[in-house]
$ cat final02.cif   # mmCIF, C-alpha atoms
data_upload
loop_
_atom_site.label_atom_id
_atom_site.label_comp_id
_atom_site.auth_asym_id
_atom_site.auth_seq_id
_atom_site.Cartn_x
_atom_site.Cartn_y
_atom_site.Cartn_z
CA ASP A 52 24.89 -12.12 -17.41
CA GLY A 53 21.50 -13.76 -17.95
CA SER A 54 22.91 -17.00 -19.34
CA GLY A 55 21.32 -20.31 -18.43
CA TYR A 56 19.72 -23.47 -19.70
CA VAL A 57 16.07 -24.31 -20.30
CA VAL A 58 14.71 -27.83 -20.03
CA THR A 59 11.12 -28.70 -20.96
CA LEU A 60 9.79 -31.74 -19.13
CA PRO A 61 7.38 -34.12 -20.87
CA THR A 62 3.77 -34.04 -19.74
CA GLY A 63 3.68 -37.76 -18.90
CA ALA A 64 4.72 -38.69 -15.35
CA ALA A 65 6.94 -41.61 -16.35
CA ALA A 66 8.70 -39.66 -19.12
CA ALA A 67 9.20 -36.66 -16.79
CA LYS A 68 10.78 -38.86 -14.08
CA ALA A 69 13.09 -40.44 -16.64
CA HIS A 70 14.11 -37.01 -17.93
CA LEU A 71 14.84 -35.79 -14.39
CA ALA A 72 16.90 -38.90 -13.69
CA ALA A 73 18.94 -38.25 -16.83
CA LEU A 74 19.53 -34.63 -15.80
CA GLU A 75 20.69 -35.74 -12.36
CA ALA A 76 23.04 -38.29 -13.85
CA ASP A 77 24.51 -35.65 -16.18
CA GLY A 78 25.14 -33.24 -13.28
CA PHE A 79 22.68 -30.61 -14.45
CA LEU A 80 22.75 -29.01 -10.97
CA GLY A 81 26.02 -28.48 -9.14
CA PRO A 82 28.08 -26.12 -6.98
CA SER A 83 28.22 -23.54 -9.79
CA THR A 84 24.43 -23.37 -10.09
CA ARG A 85 23.23 -19.93 -9.04
CA ALA A 86 19.48 -20.46 -9.19
CA LEU A 87 16.86 -22.89 -10.42
CA TRP A 88 13.47 -21.77 -11.76
CA ILE A 89 10.53 -24.13 -12.18
CA ASP A 90 7.65 -22.74 -14.24
CA PHE A 91 4.28 -24.38 -14.80
CA SER A 92 0.74 -23.28 -15.57
CA LEU A 93 -2.64 -24.65 -14.49
CA TYR A 94 -6.24 -23.98 -15.47
CA ASN A 95 -9.33 -24.32 -13.28
CA VAL A 96 -12.32 -24.78 -15.56
CA ASN A 97 -14.80 -24.39 -12.68
CA ILE A 98 -13.90 -20.75 -11.98
CA ASN A 99 -12.31 -19.94 -15.35
CA ARG A 100 -8.94 -18.98 -13.88
CA PHE A 101 -5.37 -19.59 -14.98
CA VAL A 102 -2.60 -20.12 -12.46
CA MET A 103 0.97 -19.22 -13.34
CA ALA A 104 3.43 -20.61 -10.83
CA ARG A 105 7.16 -20.00 -10.58
CA LEU A 106 9.28 -21.75 -7.98
CA LEU A 107 12.74 -20.30 -7.37
CA PHE A 108 15.59 -21.96 -5.50
CA GLU A 109 18.40 -19.42 -5.12
CA ARG A 110 21.88 -20.07 -3.77
CA LEU A 111 22.95 -17.22 -1.50
CA ALA A 112 26.49 -15.94 -1.03
CA SER A 113 26.56 -17.70 2.34
CA GLY A 114 25.88 -21.05 0.63
CA ALA A 115 22.31 -21.43 1.88
CA ILE A 116 19.45 -22.26 -0.48
CA ARG A 117 16.55 -19.80 -0.32
CA PRO A 118 13.26 -20.99 -1.82
CA SER A 119 10.57 -18.60 -2.97
CA THR A 120 7.31 -18.87 -4.86
CA ASN A 121 5.40 -16.58 -7.19
CA ILE A 122 1.85 -17.76 -7.87
CA ARG A 123 -0.55 -15.57 -9.85
CA THR A 124 -4.17 -16.22 -10.78
CA LEU A 125 -5.55 -14.48 -13.85
CA ASN A 126 -8.74 -14.43 -15.85
CA LEU A 127 -7.58 -14.48 -19.46
CA LEU A 128 -10.75 -15.64 -21.23
CA TRP A 129 -12.87 -12.50 -20.90
CA TYR A 130 -14.66 -12.67 -24.23
CA ASP A 131 -15.08 -16.43 -24.72
CA GLY A 132 -18.60 -17.75 -24.94
CA SER A 133 -21.57 -17.76 -27.23
CA GLY A 134 -22.86 -14.50 -28.64
CA ILE A 135 -21.47 -11.04 -27.99
CA PRO A 136 -19.94 -10.82 -24.48
CA LEU A 137 -21.50 -8.16 -22.27
CA LEU A 138 -18.05 -7.28 -20.96
CA LEU A 139 -16.88 -6.44 -24.47
CA VAL A 140 -19.94 -4.23 -25.01
CA ALA A 141 -19.36 -2.42 -21.70
CA GLU A 142 -15.67 -1.86 -22.43
CA GLY A 143 -16.50 -0.61 -25.92
CA CYS A 144 -19.00 1.89 -24.50
CA LEU A 145 -16.41 3.05 -21.96
CA LEU A 146 -13.82 3.52 -24.70
CA LEU A 147 -16.29 5.56 -26.77
CA LEU A 148 -17.03 7.70 -23.70
CA VAL A 149 -13.31 8.32 -23.18
CA LEU A 150 -12.91 9.29 -26.84
CA PHE A 151 -15.89 11.65 -26.49
CA PHE A 152 -14.29 13.40 -23.50
CA ILE A 153 -10.98 13.63 -25.35
CA GLY A 154 -12.85 15.40 -28.14
CA LEU A 155 -14.41 17.79 -25.63
CA GLU A 156 -11.01 18.59 -24.12
CA LEU A 157 -9.50 19.22 -27.54
CA HIS A 158 -12.43 21.50 -28.42
CA SER A 159 -11.99 23.42 -25.15
CA MET A 160 -8.27 23.73 -25.83
CA TYR A 161 -9.02 25.15 -29.30
CA THR A 162 -11.68 27.65 -28.16
CA GLN A 163 -9.96 28.85 -24.95
CA GLY A 164 -6.39 28.88 -26.17
CA LEU A 165 -3.49 26.96 -24.69
CA ALA A 166 -2.63 29.52 -22.00
CA ASP A 167 -6.17 29.81 -20.61
CA TYR A 168 -6.82 26.10 -20.96
CA TRP A 169 -3.77 24.96 -18.98
CA SER A 170 -4.33 27.66 -16.34
CA ASP A 171 -7.26 25.56 -15.10
CA VAL A 172 -5.83 23.04 -12.63
CA SER A 173 -8.58 20.51 -13.35
CA ASN A 174 -7.22 19.98 -16.86
CA TRP A 175 -3.98 18.72 -15.36
CA TYR A 176 -6.04 15.89 -13.88
CA ASP A 177 -8.14 15.22 -16.96
CA TRP A 178 -5.42 14.41 -19.46
CA PRO A 179 -3.51 11.87 -17.32
CA ALA A 180 -6.81 10.12 -16.58
CA LEU A 181 -7.90 10.04 -20.23
CA THR A 182 -4.53 8.91 -21.56
CA SER A 183 -4.32 6.27 -18.82
CA PHE A 184 -7.62 4.82 -20.03
CA GLY A 185 -6.09 4.61 -23.48
CA LEU A 186 -3.04 2.86 -22.06
CA VAL A 187 -5.24 0.32 -20.27
CA ALA A 188 -7.14 -0.35 -23.50
CA TRP A 189 -3.87 -0.93 -25.38
CA LEU A 190 -2.56 -3.29 -22.70
CA ARG A 191 -5.85 -5.20 -22.71
CA PHE A 192 -5.52 -5.61 -26.48
CA LYS A 193 -1.93 -6.85 -26.15
CA THR A 194 -2.98 -9.34 -23.46
CA TRP A 195 -5.89 -10.54 -25.57
CA SER A 196 -3.73 -10.90 -28.71
CA SER A 197 -1.02 -12.82 -26.80
CA MET A 198 -3.67 -15.10 -25.32
CA SER A 199 -5.15 -15.66 -28.76
CA VAL A 200 -1.77 -16.86 -30.03
CA LEU A 201 -1.47 -19.27 -27.10
CA LYS A 202 -4.98 -20.58 -27.69
CA ALA A 203 -4.10 -21.29 -31.32
CA VAL A 204 -0.94 -23.15 -30.25
CA ILE A 205 -2.84 -25.17 -27.65
CA THR A 206 -5.62 -26.03 -30.11
CA GLU A 207 -3.16 -27.19 -32.75
CA ASP A 208 -1.04 -29.21 -30.31
CA SER A 209 -4.03 -30.89 -28.65
CA ALA A 210 -5.66 -31.98 -31.90
CA ASP A 211 -4.96 -35.61 -30.95
CA GLY A 212 -6.53 -35.13 -27.50
CA THR A 213 -3.22 -34.68 -25.65
CA LEU A 214 -1.20 -31.54 -24.98
CA ASP A 215 2.39 -32.63 -25.54
CA ALA A 216 4.38 -29.37 -25.42
CA PHE A 217 4.83 -26.92 -22.56
CA VAL A 218 3.00 -23.65 -23.11
CA SER A 219 4.45 -20.67 -21.25
CA PHE A 220 2.00 -18.05 -20.00
CA GLN A 221 4.74 -15.73 -18.73
CA ALA A 222 4.42 -13.29 -21.66
CA VAL A 223 0.63 -13.12 -21.26
CA GLY A 224 1.06 -12.69 -17.51
CA TRP A 225 3.49 -9.82 -18.09
CA TRP A 226 0.98 -7.93 -20.23
CA ALA A 227 -1.86 -8.71 -17.81
CA GLY A 228 0.23 -7.55 -14.84
CA ASN A 229 1.04 -4.25 -16.51
CA GLU A 230 -2.63 -3.82 -17.35
CA GLN A 231 -3.54 -4.21 -13.67
CA VAL A 232 -0.89 -1.67 -12.66
CA ALA A 233 -2.14 0.83 -15.26
CA LEU A 234 -5.73 0.24 -14.13
CA SER A 235 -4.75 0.94 -10.53
CA LEU A 236 -3.19 4.26 -11.63
CA VAL A 237 -6.38 5.13 -13.52
CA THR A 238 -8.39 4.46 -10.36
CA LEU A 239 -6.10 6.70 -8.30
CA ILE A 240 -6.23 9.58 -10.79
CA THR A 241 -10.01 9.28 -11.13
CA TYR A 242 -10.53 9.57 -7.38
CA LEU A 243 -8.17 12.54 -7.27
CA LYS A 244 -10.56 14.17 -9.72
CA VAL A 245 -13.40 13.39 -7.32
CA LEU A 246 -11.41 15.06 -4.54
CA TYR A 247 -11.08 18.14 -6.76
CA PHE A 248 -14.87 18.36 -7.07
CA LEU A 249 -15.23 17.92 -3.30
CA ALA A 250 -13.05 20.98 -2.72
CA GLY A 251 -16.19 23.09 -2.64
CA VAL A 252 -17.50 21.29 0.45
CA PRO A 253 -16.77 23.52 3.51
CA HIS A 254 -14.96 20.96 5.69
CA ILE A 255 -13.00 19.51 2.77
CA SER A 256 -11.97 22.98 1.56
CA SER A 257 -10.74 23.87 5.08
CA LEU A 258 -8.63 20.72 5.16
CA LEU A 259 -7.15 21.41 1.72
CA ARG A 260 -6.31 25.03 2.64
CA THR A 261 -4.60 23.85 5.84
CA LEU A 262 -2.52 21.30 3.95
CA SER A 263 -1.63 23.91 1.33
CA ARG A 264 -0.35 26.38 3.94
CA ALA A 265 1.59 23.64 5.74
CA ALA A 266 3.13 22.29 2.53
CA PRO A 267 6.68 23.67 3.09
CA ALA A 268 6.91 22.34 6.65
CA LEU A 269 5.34 19.00 5.65
CA SER A 270 7.78 18.66 2.75
CA ALA A 271 10.77 19.13 5.06
CA PHE A 272 9.32 16.59 7.52
CA VAL A 273 8.66 14.01 4.78
CA PHE A 274 12.17 14.46 3.40
CA GLY A 275 13.76 13.94 6.81
CA LEU A 276 11.57 10.93 7.57
CA SER A 277 12.32 9.38 4.18
CA LEU A 278 16.05 9.83 4.73
CA LEU A 279 15.79 8.18 8.15
CA ILE A 280 13.81 5.22 6.78
CA PHE A 281 16.29 4.77 3.94
CA ALA A 282 19.20 4.78 6.41
CA PHE A 283 17.60 2.07 8.56
CA ALA A 284 16.62 0.10 5.45
CA ALA A 285 20.22 0.15 4.20
CA ALA A 286 21.46 -0.96 7.63
CA PHE A 287 18.98 -3.85 7.87
CA HIS A 288 19.68 -4.88 4.28
CA LEU A 289 23.43 -5.05 4.90
CA ALA A 290 22.92 -6.94 8.16
CA PHE A 291 20.28 -9.47 7.08
CA GLY A 292 20.01 -9.28 3.28
CA ASN A 293 22.14 -12.36 2.62
CA ASP A 294 20.09 -14.60 4.92
CA LEU A 295 16.52 -13.30 5.18
CA TYR A 296 14.19 -12.93 2.23
CA ASP A 297 12.28 -9.93 3.61
CA TRP A 298 15.48 -7.83 3.65
CA ARG A 299 16.94 -8.95 0.29
CA GLY A 300 16.92 -5.46 -1.27
CA LEU A 301 16.64 -1.82 -0.28
CA GLY A 302 13.07 -1.57 -1.49
CA ASP A 303 12.08 -4.78 0.32
CA ALA A 304 13.85 -3.53 3.45
CA CYS A 305 11.82 -0.29 3.37
CA VAL A 306 8.57 -2.26 3.13
CA SER A 307 9.70 -4.58 5.94
CA LEU A 308 10.47 -1.57 8.14
CA LEU A 309 6.94 -0.24 7.63
CA ARG A 310 5.61 -3.66 8.56
CA PHE A 311 7.93 -3.55 11.57
CA VAL A 312 6.00 -0.52 12.86
CA LEU A 313 2.77 -2.56 12.73
CA GLY A 314 4.38 -5.47 14.57
CA ASP A 315 4.41 -7.72 11.49
CA VAL A 316 8.00 -8.90 11.78
CA ASP A 317 9.74 -12.18 12.49
CA VAL A 318 11.93 -11.17 15.42
CA ARG A 319 13.10 -14.74 15.97
CA ALA A 320 14.50 -14.92 12.43
CA LEU A 321 16.39 -11.65 12.99
CA MET A 322 17.86 -12.93 16.25
CA LEU A 323 18.90 -16.26 14.71
CA SER A 324 20.50 -14.50 11.75
CA SER A 325 22.50 -12.08 13.88
CA PRO A 326 22.50 -12.98 17.61
#

$ encode --input "final02.cif" --output "structure tokens"
Amino acid sequence: DGSGYVVTLPTGAAAAKAHLAALEADGFLGPSTRALWIDFSLYNVNINRFVMARLLFERLASGAIRPSTNIRTLNLLWYDGSGIPLLLVAEGCLLLLVLFFIGLELHSMYTQGLADYWSDVSNWYDWPALTSFGLVAWLRFKTWSSMSVLKAVITEDSADGTLDAFVSFQAVGWWAGNEQVALSLVTLITYLKVLYFLAGVPHISSLLRTLSRAAPALSAFVFGLSLLIFAFAAAFHLAFGNDLYDWRGLGDACVSLLRFVLGDVDVRALMLSSP
């Protein structure tokens, strides 16, 4: 149900060891403990990167303890430095360019009419790309504003030269992670637009016409293949999901099956789990 307990360890080594000893004496961990998360953050001043680490120790239904790690490196100080950052100038120019193209699309929509405008297939690519750029800009702002709040907290707490409280970067990492996902979608949509312009090249146009004519047969094949992969993924998940991390869920099992095709699979672990 999401319930649990949070303990913040002191930054000093001696105080942290004493706190851990007190938790052990009080029985903080026991047979009823489902999982233990350990979160900490690091900063490398040489390369200007933050590291957000999460260690998870999960008790499985079989009684075994399964450890896992999630370590992410992020650059969260894009605009820090003296003067006006060049990155900020470049991103501002890109945002103005996106707004300019949005204005052009709205003008075309007004002059051509909605029916004629949306009859052009290229416009179905333009609007997702333009709105995705806006989404990326909004996520970048949210990441920057969250980081600014953390910087203010760190500056206030370290006024005496020592950072006493734990500062969680998980919220900033969440916004930054979503920004990266949105940026990857923008990249995909942009290159699809490039493919649309390449449709006039003879060899590319022949390929696209072939795929268009084979679309019904390809759709049936993809559906059957997807159903087969899902069936095997469900079987592997039920057989090994309680013991092996790579098969812990249906989605993970599907990815592991694709890696299986490439030979990237731990056969020994499968044999030990189910001889």

$ atom_distance --input "final02.cif" --atom1 "CA of Leu93 in chain A" --atom2 "CA of Asp211 in chain A"
19.9 Å

$ resolve_selection --input "final02.cif" --expression "the PyMOL selection byres ((chain A and resi 283) around 12)" --output "ChimeraX atom specification"
/A:276-282,284-291,298,301-302,304-309,311

$ write_last_selection --input "final02.cif" --atoms "C-alpha atoms" --output "short mmCIF file (atom, residue, chain, number, x, y, z; two decimals), in the coordinates of the input"
data_model
loop_
_atom_site.label_atom_id
_atom_site.label_comp_id
_atom_site.auth_asym_id
_atom_site.auth_seq_id
_atom_site.Cartn_x
_atom_site.Cartn_y
_atom_site.Cartn_z
CA LEU A 276 11.57 10.93 7.57
CA SER A 277 12.32 9.38 4.18
CA LEU A 278 16.05 9.83 4.73
CA LEU A 279 15.79 8.18 8.15
CA ILE A 280 13.81 5.22 6.78
CA PHE A 281 16.29 4.77 3.94
CA ALA A 282 19.20 4.78 6.41
CA ALA A 284 16.62 0.10 5.45
CA ALA A 285 20.22 0.15 4.20
CA ALA A 286 21.46 -0.96 7.63
CA PHE A 287 18.98 -3.85 7.87
CA HIS A 288 19.68 -4.88 4.28
CA LEU A 289 23.43 -5.05 4.90
CA ALA A 290 22.92 -6.94 8.16
CA PHE A 291 20.28 -9.47 7.08
CA TRP A 298 15.48 -7.83 3.65
CA LEU A 301 16.64 -1.82 -0.28
CA GLY A 302 13.07 -1.57 -1.49
CA ALA A 304 13.85 -3.53 3.45
CA CYS A 305 11.82 -0.29 3.37
CA VAL A 306 8.57 -2.26 3.13
CA SER A 307 9.70 -4.58 5.94
CA LEU A 308 10.47 -1.57 8.14
CA LEU A 309 6.94 -0.24 7.63
CA PHE A 311 7.93 -3.55 11.57
#

$ closest_residue --input "final02.cif" --among "A:Asn293, A:Ala203, A:Ala227, A:Leu186" --to "Ser325 in chain A" --atoms "all atoms listed in the file"
A:Asn293

$ atom_distance --input "final02.cif" --atom1 "CA of Ala73 in chain A" --atom2 "CA of Leu60 in chain A"
11.5 Å

$ resolve_selection --input "final02.cif" --expression "the PyMOL selection byres ((chain A and resi 228-240) around 12)" --output "PyMOL selection string"
chain A and resi 103+123-127+173+175-195+220-227+241-247

$ closest_residue --input "final02.cif" --among "A:Val218, A:Leu321, A:Ile205, A:Met198" --to "Asp90 in chain A" --atoms "all atoms listed in the file"
A:Val218

$ atom_distance --input "final02.cif" --atom1 "CA of Trp169 in chain A" --atom2 "CA of Thr261 in chain A"
24.9 Å

$ axis_aligned_box --input "final02.cif" --around "range 217-224 of chain A" --padding-each-side "4 Å" --output "AutoDock Vina command-line options"
--center_x 2.7 --center_y -19.8 --center_z -20.3 --size_x 12.2 --size_y 22.2 --size_z 13.6

$ build_atoms --input "final02.cif" --residues "range 270-289 of chain A" --atoms "N, CA, C and O atoms" --output "mmCIF file, in the frame of the given file"
data_model
loop_
_atom_site.group_PDB
_atom_site.id
_atom_site.type_symbol
_atom_site.label_atom_id
_atom_site.label_comp_id
_atom_site.auth_asym_id
_atom_site.auth_seq_id
_atom_site.Cartn_x
_atom_site.Cartn_y
_atom_site.Cartn_z
ATOM 1 N N SER A 270 6.777 19.159 3.699
ATOM 2 C CA SER A 270 7.780 18.660 2.750
ATOM 3 C C SER A 270 9.109 18.401 3.452
ATOM 4 O O SER A 270 9.766 17.374 3.214
ATOM 5 N N ALA A 271 9.522 19.324 4.317
ATOM 6 C CA ALA A 271 10.770 19.130 5.060
ATOM 7 C C ALA A 271 10.665 17.914 5.982
ATOM 8 O O ALA A 271 11.611 17.122 6.102
ATOM 9 N N PHE A 272 9.504 17.739 6.630
ATOM 10 C CA PHE A 272 9.320 16.590 7.520
ATOM 11 C C PHE A 272 9.365 15.279 6.740
ATOM 12 O O PHE A 272 10.009 14.307 7.168
ATOM 13 N N VAL A 273 8.680 15.236 5.594
ATOM 14 C CA VAL A 273 8.660 14.010 4.780
ATOM 15 C C VAL A 273 10.049 13.678 4.268
ATOM 16 O O VAL A 273 10.458 12.511 4.235
ATOM 17 N N PHE A 274 10.804 14.705 3.880
ATOM 18 C CA PHE A 274 12.170 14.460 3.400
ATOM 19 C C PHE A 274 13.039 13.881 4.516
ATOM 20 O O PHE A 274 13.773 12.900 4.300
ATOM 21 N N GLY A 275 12.962 14.461 5.707
ATOM 22 C CA GLY A 275 13.760 13.940 6.810
ATOM 23 C C GLY A 275 13.346 12.536 7.208
ATOM 24 O O GLY A 275 14.203 11.677 7.483
ATOM 25 N N LEU A 276 12.046 12.265 7.231
ATOM 26 C CA LEU A 276 11.570 10.930 7.570
ATOM 27 C C LEU A 276 11.990 9.905 6.520
ATOM 28 O O LEU A 276 12.398 8.782 6.858
ATOM 29 N N SER A 277 11.910 10.288 5.261
ATOM 30 C CA SER A 277 12.320 9.380 4.180
ATOM 31 C C SER A 277 13.810 9.052 4.273
ATOM 32 O O SER A 277 14.227 7.902 4.068
ATOM 33 N N LEU A 278 14.618 10.059 4.582
ATOM 34 C CA LEU A 278 16.050 9.830 4.730
ATOM 35 C C LEU A 278 16.341 8.885 5.896
ATOM 36 O O LEU A 278 17.198 7.993 5.800
ATOM 37 N N LEU A 279 15.606 9.048 6.988
ATOM 38 C CA LEU A 279 15.790 8.180 8.150
ATOM 39 C C LEU A 279 15.386 6.743 7.840
ATOM 40 O O LEU A 279 16.095 5.789 8.206
ATOM 41 N N ILE A 280 14.260 6.574 7.150
ATOM 42 C CA ILE A 280 13.810 5.220 6.780
ATOM 43 C C ILE A 280 14.799 4.565 5.840
ATOM 44 O O ILE A 280 15.121 3.373 5.970
ATOM 45 N N PHE A 281 15.313 5.334 4.879
ATOM 46 C CA PHE A 281 16.290 4.770 3.940
ATOM 47 C C PHE A 281 17.560 4.346 4.668
ATOM 48 O O PHE A 281 18.151 3.306 4.343
ATOM 49 N N ALA A 282 17.993 5.131 5.656
ATOM 50 C CA ALA A 282 19.200 4.780 6.410
ATOM 51 C C ALA A 282 19.004 3.470 7.168
ATOM 52 O O ALA A 282 19.879 2.583 7.145
ATOM 53 N N PHE A 283 17.876 3.316 7.844
ATOM 54 C CA PHE A 283 17.600 2.070 8.560
ATOM 55 C C PHE A 283 17.429 0.906 7.587
ATOM 56 O O PHE A 283 17.850 -0.217 7.880
ATOM 57 N N ALA A 284 16.791 1.162 6.437
ATOM 58 C CA ALA A 284 16.620 0.100 5.450
ATOM 59 C C ALA A 284 17.971 -0.384 4.923
ATOM 60 O O ALA A 284 18.193 -1.600 4.766
ATOM 61 N N ALA A 285 18.888 0.544 4.652
ATOM 62 C CA ALA A 285 20.220 0.150 4.200
ATOM 63 C C ALA A 285 20.947 -0.651 5.275
ATOM 64 O O ALA A 285 21.620 -1.652 4.977
ATOM 65 N N ALA A 286 20.806 -0.239 6.544
ATOM 66 C CA ALA A 286 21.460 -0.960 7.630
ATOM 67 C C ALA A 286 20.908 -2.373 7.776
ATOM 68 O O ALA A 286 21.670 -3.347 7.902
ATOM 69 N N PHE A 287 19.585 -2.519 7.745
ATOM 70 C CA PHE A 287 18.980 -3.850 7.870
ATOM 71 C C PHE A 287 19.302 -4.714 6.659
ATOM 72 O O PHE A 287 19.497 -5.933 6.793
ATOM 73 N N HIS A 288 19.350 -4.109 5.472
ATOM 74 C CA HIS A 288 19.680 -4.880 4.280
ATOM 75 C C HIS A 288 21.115 -5.420 4.357
ATOM 76 O O HIS A 288 21.360 -6.585 4.019
ATOM 77 N N LEU A 289 22.041 -4.594 4.788
ATOM 78 C CA LEU A 289 23.430 -5.050 4.900
ATOM 79 C C LEU A 289 23.593 -6.105 5.987
ATOM 80 O O LEU A 289 24.407 -7.018 5.858
#
